[in-house]
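Peer 1: One structure is given below, represented as structure tokens, and several questions about it will come after.
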Amino acid sequence: MEQGGDAKAPIVPGALDLFLGWGKVGLMGFGGVTPWARRVVVEERRWLDDREYAGLFGIAQILPGPNTPNMCVIIGQKFAGLPGAVASVVGLMAVPLVALLALALGYDALSAHVWFNAGVGGAAAAAAGLVIATAVRMGRGAKLDVVGIAVCAGVFISVGLLRLPVPWAVLLFGPVSIALAHARRAK
Amino acid sequence: MKSDVLLKLAIDFSLLSLVAVGGANAIVPEMHRQLVDVSHWMNDAEFVRLFAVGQVAPGPNIMVLSLVGWRMAGLSGMLVATLAALGPTCLLSWIMGRFVQRHGRAPWFDSIRRGLAPVAVGLILASGLVMARAADHTALTVTATAATLVLAVATSINPLAALGFFAALAGLFAVA
């Protein structure tokens, strides 16, 4: 294990710490929780250092499903077993679900107003830009080579332009891409 | 009737989250295809609105499925949708977590990680395109997409600021 030169020793959280920490991630995560998860887990609570976090993030991305809840389960399990995993997921989801419920209850009344629909439309357009930016940042972080960019373009064209169902795209491109990655590694 | 809807939500959303390599944003095209094109549960505009509300609200973006559950079948729909979206994948994560503690350093494991990365990036790009095509009808919304993209790639400013700014601007334009 690498140690930083300073006193920032990792802290081992219990189930309650995990619940509170992930609760904060859920609460702050307007527009998505991914940036907040790293901020809380690495910078604030110091449960993991950046290297460990990046490693687990890669694993969470292999897994299907939402990345952050997946991270929650893996980190919770690592530190506090089943109680830790459950506490983490419940912490992440509880407050946002209540907020979402309040929003949903007001949705019908609000959606009768022109300004509300226009405002949400504006946010949606901005969110589309944010999603594209996430892909750009992720692609840069993953340091895709020519083959990787080709796979990426193939997935993008078949799903985004030709509207191939996502499961088919994953089944079609996933195994090929893994095999190619393995072959390049073996060289 | 309602139990039919709940069962369909449970099955569809479990499958949807199980194919979401790359996270919630990666399944926007599939959600759009199923909800708008196949099931005809909502139209294009409503899909975009629900998705935006789900994104703007706190919590993981997968909770847009909770919101769709609410829209289809009220509170029970919301709970069923949330459990369906999280249950199977959390179980997989649990199994994977144990597995990683043993095999995390193996070369073939690294190949899987490297191989799936470009697939995830491509899926998220496609999601961005589908969202932008559904949301961008005016000069203002096109600007919102482009400006947020540049801001989020090039700066470390909290993107929430861009979402709030363009929501306020679009709302003001509508009543002005």
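The way I read the labels, and the way they are meant: chains A, B, ... in the order of the structure tokens, residue 1 as the first residue of every chain, and ligand 1 as the first ligand shown, with later ones counted on from there.
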Produce a table with one row for each residue of stretch 11-97 of chain A that has an atom at most 12 Å from any atom of stretch 102-118 of chain A, each row naming the nearest atom pair and its distance in Å at one decimal; use only C-alpha atoms; arrange rows by chain and rising residue number; format as a Markdown table.

Peer 2:
```
| residue | atom | partner | partner_atom | distance |
| --- | --- | --- | --- | --- |
| A:Val95 | CA | A:Ala102 | CA | 10.9 |
| A:Pro96 | CA | A:Ala102 | CA | 9.8 |
| A:Leu97 | CA | A:Ala102 | CA | 8.6 |
```

Peer 1: Hey, what's within 12 Å of B:Trp108 if we count only C-alpha atoms and toss same-chain stuff fewer than 6 positions away? As a list of chain:residue names, please?

Peer 2: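 Once the nearby chain positions are removed, what remains is A:Ile178, A:Ala179, A:Leu180, A:Ala181, A:His182, A:Ala183, A:Arg184, A:Arg185, A:Ala186, B:Arg114, B:Gly115.
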
Peer 1: A:Pro165, A:Val40, A:Ala80, A:Ala133: which is nearest A:Met28, counting only C-alpha atoms?

Peer 2: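 Checking each candidate against A:Met28, we get A:Val40 as the closest.
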
Peer 1: Per DSSP on the backbone, what are the alpha helix (DSSP H) residues of chain A, as a PyMOL selection string?

Peer 2: chain A and resi 15-28+34-38+50-62+67-110+114-141+146-156+166-186

Peer 1: Quick one: residues within 12 Å of A:Arg38, only C-alpha atoms, excluding same-chain residues fewer than 2 positions away - as a ChimeraX atom specification?

Peer 2: /A:21-22,24-25,29,33-36,40-54,56-57,68,71-72,75

Peer 1: Residues as selected, N, CA and C atoms, written as a PDB file, in the first residue's frame, can you do that?

Peer 2:
```pdb
ATOM      1  N   GLY A  21     -22.237   8.960   4.954  1.00  0.00           N
ATOM      2  CA  GLY A  21     -21.438   9.445   3.831  1.00  0.00           C
ATOM      3  C   GLY A  21     -22.168   9.314   2.505  1.00  0.00           C
ATOM      4  N   TRP A  22     -22.739   8.152   2.247  1.00  0.00           N
ATOM      5  CA  TRP A  22     -23.467   7.958   0.984  1.00  0.00           C
ATOM      6  C   TRP A  22     -24.740   8.766   0.981  1.00  0.00           C
ATOM      7  N   LYS A  24     -24.981  11.721   2.107  1.00  0.00           N
ATOM      8  CA  LYS A  24     -24.557  13.042   1.635  1.00  0.00           C
ATOM      9  C   LYS A  24     -24.375  13.054   0.115  1.00  0.00           C
ATOM     10  N   VAL A  25     -23.779  11.968  -0.411  1.00  0.00           N
ATOM     11  CA  VAL A  25     -23.611  11.870  -1.867  1.00  0.00           C
ATOM     12  C   VAL A  25     -24.962  11.980  -2.565  1.00  0.00           C
ATOM     13  N   GLY A  29     -26.238  15.210  -4.972  1.00  0.00           N
ATOM     14  CA  GLY A  29     -26.078  14.849  -6.373  1.00  0.00           C
ATOM     15  C   GLY A  29     -27.150  15.356  -7.308  1.00  0.00           C
ATOM     16  N   VAL A  33     -24.687  11.837  -9.470  1.00  0.00           N
ATOM     17  CA  VAL A  33     -23.937  11.648  -8.232  1.00  0.00           C
ATOM     18  C   VAL A  33     -22.463  11.332  -8.441  1.00  0.00           C
ATOM     19  N   THR A  34     -22.071  11.035  -9.688  1.00  0.00           N
ATOM     20  CA  THR A  34     -20.704  10.565  -9.922  1.00  0.00           C
ATOM     21  C   THR A  34     -19.623  11.496  -9.354  1.00  0.00           C
ATOM     22  N   PRO A  35     -19.688  12.814  -9.621  1.00  0.00           N
ATOM     23  CA  PRO A  35     -18.624  13.683  -9.075  1.00  0.00           C
ATOM     24  C   PRO A  35     -18.632  13.733  -7.558  1.00  0.00           C
ATOM     25  N   TRP A  36     -19.803  13.682  -6.964  1.00  0.00           N
ATOM     26  CA  TRP A  36     -19.912  13.793  -5.510  1.00  0.00           C
ATOM     27  C   TRP A  36     -19.406  12.558  -4.806  1.00  0.00           C
ATOM     28  N   VAL A  40     -16.732  12.850  -1.708  1.00  0.00           N
ATOM     29  CA  VAL A  40     -17.015  12.427  -0.341  1.00  0.00           C
ATOM     30  C   VAL A  40     -16.108  11.270   0.077  1.00  0.00           C
ATOM     31  N   VAL A  41     -16.001  10.247  -0.774  1.00  0.00           N
ATOM     32  CA  VAL A  41     -15.267   9.033  -0.386  1.00  0.00           C
ATOM     33  C   VAL A  41     -13.765   9.300  -0.277  1.00  0.00           C
ATOM     34  N   VAL A  42     -13.212  10.064  -1.229  1.00  0.00           N
ATOM     35  CA  VAL A  42     -11.761  10.269  -1.253  1.00  0.00           C
ATOM     36  C   VAL A  42     -11.340  11.511  -0.469  1.00  0.00           C
ATOM     37  N   GLU A  43     -11.953  12.661  -0.777  1.00  0.00           N
ATOM     38  CA  GLU A  43     -11.465  13.913  -0.208  1.00  0.00           C
ATOM     39  C   GLU A  43     -11.964  14.170   1.210  1.00  0.00           C
ATOM     40  N   GLU A  44     -13.261  14.003   1.390  1.00  0.00           N
ATOM     41  CA  GLU A  44     -13.819  14.357   2.694  1.00  0.00           C
ATOM     42  C   GLU A  44     -13.604  13.291   3.756  1.00  0.00           C
ATOM     43  N   ARG A  45     -14.059  12.066   3.445  1.00  0.00           N
ATOM     44  CA  ARG A  45     -14.055  11.019   4.489  1.00  0.00           C
ATOM     45  C   ARG A  45     -12.770  10.207   4.494  1.00  0.00           C
ATOM     46  N   ARG A  46     -12.024  10.271   3.381  1.00  0.00           N
ATOM     47  CA  ARG A  46     -10.750   9.560   3.259  1.00  0.00           C
ATOM     48  C   ARG A  46     -10.856   8.067   3.550  1.00  0.00           C
ATOM     49  N   TRP A  47     -11.913   7.451   3.010  1.00  0.00           N
ATOM     50  CA  TRP A  47     -12.041   5.993   3.130  1.00  0.00           C
ATOM     51  C   TRP A  47     -11.077   5.303   2.173  1.00  0.00           C
ATOM     52  N   LEU A  48     -10.873   5.911   1.011  1.00  0.00           N
ATOM     53  CA  LEU A  48      -9.992   5.339  -0.020  1.00  0.00           C
ATOM     54  C   LEU A  48      -9.109   6.451  -0.574  1.00  0.00           C
ATOM     55  N   ASP A  49      -7.925   6.084  -1.091  1.00  0.00           N
ATOM     56  CA  ASP A  49      -7.160   7.100  -1.814  1.00  0.00           C
ATOM     57  C   ASP A  49      -7.571   7.069  -3.284  1.00  0.00           C
ATOM     58  N   ASP A  50      -7.054   8.025  -4.059  1.00  0.00           N
ATOM     59  CA  ASP A  50      -7.508   8.172  -5.442  1.00  0.00           C
ATOM     60  C   ASP A  50      -7.253   6.940  -6.288  1.00  0.00           C
ATOM     61  N   ARG A  51      -6.120   6.286  -6.034  1.00  0.00           N
ATOM     62  CA  ARG A  51      -5.797   5.103  -6.843  1.00  0.00           C
ATOM     63  C   ARG A  51      -6.762   3.966  -6.604  1.00  0.00           C
ATOM     64  N   GLU A  52      -7.031   3.701  -5.330  1.00  0.00           N
ATOM     65  CA  GLU A  52      -7.998   2.644  -5.017  1.00  0.00           C
ATOM     66  C   GLU A  52      -9.366   2.974  -5.579  1.00  0.00           C
ATOM     67  N   TYR A  53      -9.721   4.262  -5.462  1.00  0.00           N
ATOM     68  CA  TYR A  53     -11.037   4.681  -5.936  1.00  0.00           C
ATOM     69  C   TYR A  53     -11.166   4.459  -7.439  1.00  0.00           C
ATOM     70  N   ALA A  54     -10.131   4.865  -8.177  1.00  0.00           N
ATOM     71  CA  ALA A  54     -10.166   4.695  -9.633  1.00  0.00           C
ATOM     72  C   ALA A  54     -10.286   3.222 -10.007  1.00  0.00           C
ATOM     73  N   LEU A  56     -11.699   0.791  -8.244  1.00  0.00           N
ATOM     74  CA  LEU A  56     -13.064   0.326  -7.986  1.00  0.00           C
ATOM     75  C   LEU A  56     -14.046   0.920  -8.988  1.00  0.00           C
ATOM     76  N   PHE A  57     -13.778   2.163  -9.422  1.00  0.00           N
ATOM     77  CA  PHE A  57     -14.657   2.784 -10.406  1.00  0.00           C
ATOM     78  C   PHE A  57     -14.634   2.010 -11.716  1.00  0.00           C
ATOM     79  N   THR A  68     -22.862   4.342  -9.569  1.00  0.00           N
ATOM     80  CA  THR A  68     -22.662   4.743  -8.182  1.00  0.00           C
ATOM     81  C   THR A  68     -23.279   3.760  -7.179  1.00  0.00           C
ATOM     82  N   MET A  71     -20.872   0.994  -6.960  1.00  0.00           N
ATOM     83  CA  MET A  71     -19.713   1.374  -6.137  1.00  0.00           C
ATOM     84  C   MET A  71     -20.038   1.271  -4.658  1.00  0.00           C
ATOM     85  N   CYS A  72     -21.244   1.770  -4.352  1.00  0.00           N
ATOM     86  CA  CYS A  72     -21.761   1.730  -2.984  1.00  0.00           C
ATOM     87  C   CYS A  72     -21.691   0.329  -2.402  1.00  0.00           C
ATOM     88  N   ILE A  75     -17.875  -0.859  -2.095  1.00  0.00           N
ATOM     89  CA  ILE A  75     -17.151  -0.171  -1.017  1.00  0.00           C
ATOM     90  C   ILE A  75     -17.740  -0.533   0.340  1.00  0.00           C
TER      91      ILE A  75
END
```

Peer 1: Between A:Gly141, A:Gly122, A:Gly91, A:Gly154, which is the closest to chain B once you count only C-alpha atoms?

Peer 2: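 Using only C-alpha atoms, the shortest distance to chain B belongs to A:Gly122.
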
Peer 1: Take atom CA of B:Pro159 and atom CA of A:Gly55 and report the distance between them in Å, one decimal.

Peer 2: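 Between atom CA of B:Pro159 and atom CA of A:Gly55 the gap works out to 24.7 Å.
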
Peer 1: Give me the residues within 9 Å of B:Ala10 as a compact mmCIF listing (two decimals) with N, CA and C atoms, in the first residue's frame, counting only C-alpha atoms and dropping any in the same chain fewer than 6 places off.

Peer 2:
```
# COMPACT_ATOMS: atom_id res chain seq x y z
N GLY B 77 -45.81 2.05 -8.14
CA GLY B 77 -45.00 2.00 -9.36
C GLY B 77 -43.60 2.52 -9.13
N VAL B 80 -41.69 -0.18 -7.03
CA VAL B 80 -41.36 -1.35 -7.86
C VAL B 80 -40.26 -1.00 -8.87
N ALA B 81 -40.39 0.17 -9.51
CA ALA B 81 -39.40 0.58 -10.50
C ALA B 81 -38.02 0.73 -9.86
N THR B 82 -37.97 1.34 -8.66
CA THR B 82 -36.68 1.56 -8.00
C THR B 82 -36.02 0.24 -7.62
N LEU B 83 -36.82 -0.66 -7.03
CA LEU B 83 -36.28 -1.97 -6.64
C LEU B 83 -35.81 -2.75 -7.86
N ALA B 84 -36.60 -2.69 -8.94
CA ALA B 84 -36.23 -3.42 -10.16
C ALA B 84 -34.94 -2.86 -10.74
N ALA B 85 -34.80 -1.52 -10.68
CA ALA B 85 -33.61 -0.90 -11.28
C ALA B 85 -32.35 -1.17 -10.46
```

Peer 1: Residues within 12 Å of A:Val151, please, as JSON, numbers by chain. Count only C-alpha atoms; anything in the same chain fewer than 5 positions from it doesn't count.

Peer 2: {"A": [139, 144, 145, 146, 156, 157, 158, 169, 170, 172, 173, 174, 175, 176, 177, 178, 179, 180, 181], "B": [114, 115, 116, 117, 118, 119, 120, 121, 122, 123]}

Peer 1: Fewer than 4 positions away in the same chain doesn't count, so skip those; otherwise give me all residues within 12 Å of A:Leu16, counting only C-alpha atoms, as a PDB file with C-alpha atoms, in the first residue's frame.

Peer 2:
```pdb
ATOM      1  CA  VAL A  12     -12.075   2.579   8.132  1.00  0.00           C
ATOM      2  CA  LEU A  20     -24.149   9.023   6.460  1.00  0.00           C
ATOM      3  CA  GLY A  21     -21.438   9.445   3.831  1.00  0.00           C
ATOM      4  CA  TRP A  22     -23.467   7.958   0.984  1.00  0.00           C
ATOM      5  CA  GLY A  23     -26.497   9.866   2.261  1.00  0.00           C
ATOM      6  CA  GLY A  76     -19.725  -0.951   1.675  1.00  0.00           C
ATOM      7  CA  PHE A  79     -15.384  -2.107   4.843  1.00  0.00           C
ATOM      8  CA  ALA A  80     -18.379  -3.561   6.676  1.00  0.00           C
ATOM      9  CA  PRO A  83     -24.547  -4.418   6.788  1.00  0.00           C
ATOM     10  CA  GLY A  84     -22.121  -1.977   5.177  1.00  0.00           C
ATOM     11  CA  ALA A  85     -23.401  -2.623   1.662  1.00  0.00           C
ATOM     12  CA  VAL A  86     -27.051  -2.302   2.694  1.00  0.00           C
ATOM     13  CA  ALA A  87     -26.395   0.839   4.770  1.00  0.00           C
ATOM     14  CA  SER A  88     -24.590   2.423   1.811  1.00  0.00           C
ATOM     15  CA  VAL A  89     -27.320   1.784  -0.748  1.00  0.00           C
ATOM     16  CA  VAL A  90     -30.116   2.833   1.603  1.00  0.00           C
ATOM     17  CA  GLY A  91     -28.153   5.969   2.488  1.00  0.00           C
TER      18      GLY A  91
END
```

Peer 1: List the spatial neighbours of B:Gln101 as number ranges by chain - criterion: any atom at most 12 Å away, only C-alpha atoms, same-chain residues fewer than 2 positions off excluded.

Peer 2: A: 55-56, 59, 74-75, 77-79; B: 94-99, 103-106

Peer 1: Would you write out those residues with C-alpha atoms, as a PDB file, in the first residue's frame?

Peer 2:
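Output below, filename out-v4.pdb:
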```
ATOM      1  CA  GLY A  55      -9.659   0.929  -9.528  1.00  0.00           C
ATOM      2  CA  LEU A  56     -13.064   0.326  -7.986  1.00  0.00           C
ATOM      3  CA  ILE A  59     -14.864  -2.376 -11.794  1.00  0.00           C
ATOM      4  CA  ILE A  74     -18.556  -2.821  -3.392  1.00  0.00           C
ATOM      5  CA  ILE A  75     -17.151  -0.171  -1.017  1.00  0.00           C
ATOM      6  CA  GLN A  77     -18.903  -4.645   1.431  1.00  0.00           C
ATOM      7  CA  LYS A  78     -15.178  -3.988   1.555  1.00  0.00           C
ATOM      8  CA  PHE A  79     -15.384  -2.107   4.843  1.00  0.00           C
TER       9      PHE A  79
ATOM     10  CA  TRP B  94     -22.015  -7.929  -4.286  1.00  0.00           C
ATOM     11  CA  ILE B  95     -20.846 -11.076  -6.059  1.00  0.00           C
ATOM     12  CA  MET B  96     -18.340  -9.068  -8.098  1.00  0.00           C
ATOM     13  CA  GLY B  97     -17.006  -7.346  -4.978  1.00  0.00           C
ATOM     14  CA  ARG B  98     -16.133 -10.695  -3.400  1.00  0.00           C
ATOM     15  CA  PHE B  99     -14.683 -11.900  -6.652  1.00  0.00           C
ATOM     16  CA  HIS B 103      -8.933 -12.040  -8.693  1.00  0.00           C
ATOM     17  CA  GLY B 104      -8.661  -8.265  -9.122  1.00  0.00           C
ATOM     18  CA  ARG B 105      -5.047  -8.459 -10.303  1.00  0.00           C
ATOM     19  CA  ALA B 106      -5.530 -11.174 -12.955  1.00  0.00           C
TER      20      ALA B 106
END
```

Peer 1: Of the candidates B:Leu160, B:Met42, B:Val5, B:Leu125, which one gets nearest to B:Met78 if we count only C-alpha atoms?

Peer 2: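 Selected residue with least distance to B:Met78: B:Val5.
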
Peer 1: Which residue is closest to B:Ile157? Choose from A:Val155, A:Arg140, A:Phe19, A:Leu130 and count only C-alpha atoms.

Peer 2: A:Leu130

Peer 1: Find, counting only C-alpha atoms, the residue in A:Ala123, A:Leu164, A:Ile11, A:Arg39 that gets nearest to chain B.

Peer 2: A:Ala123
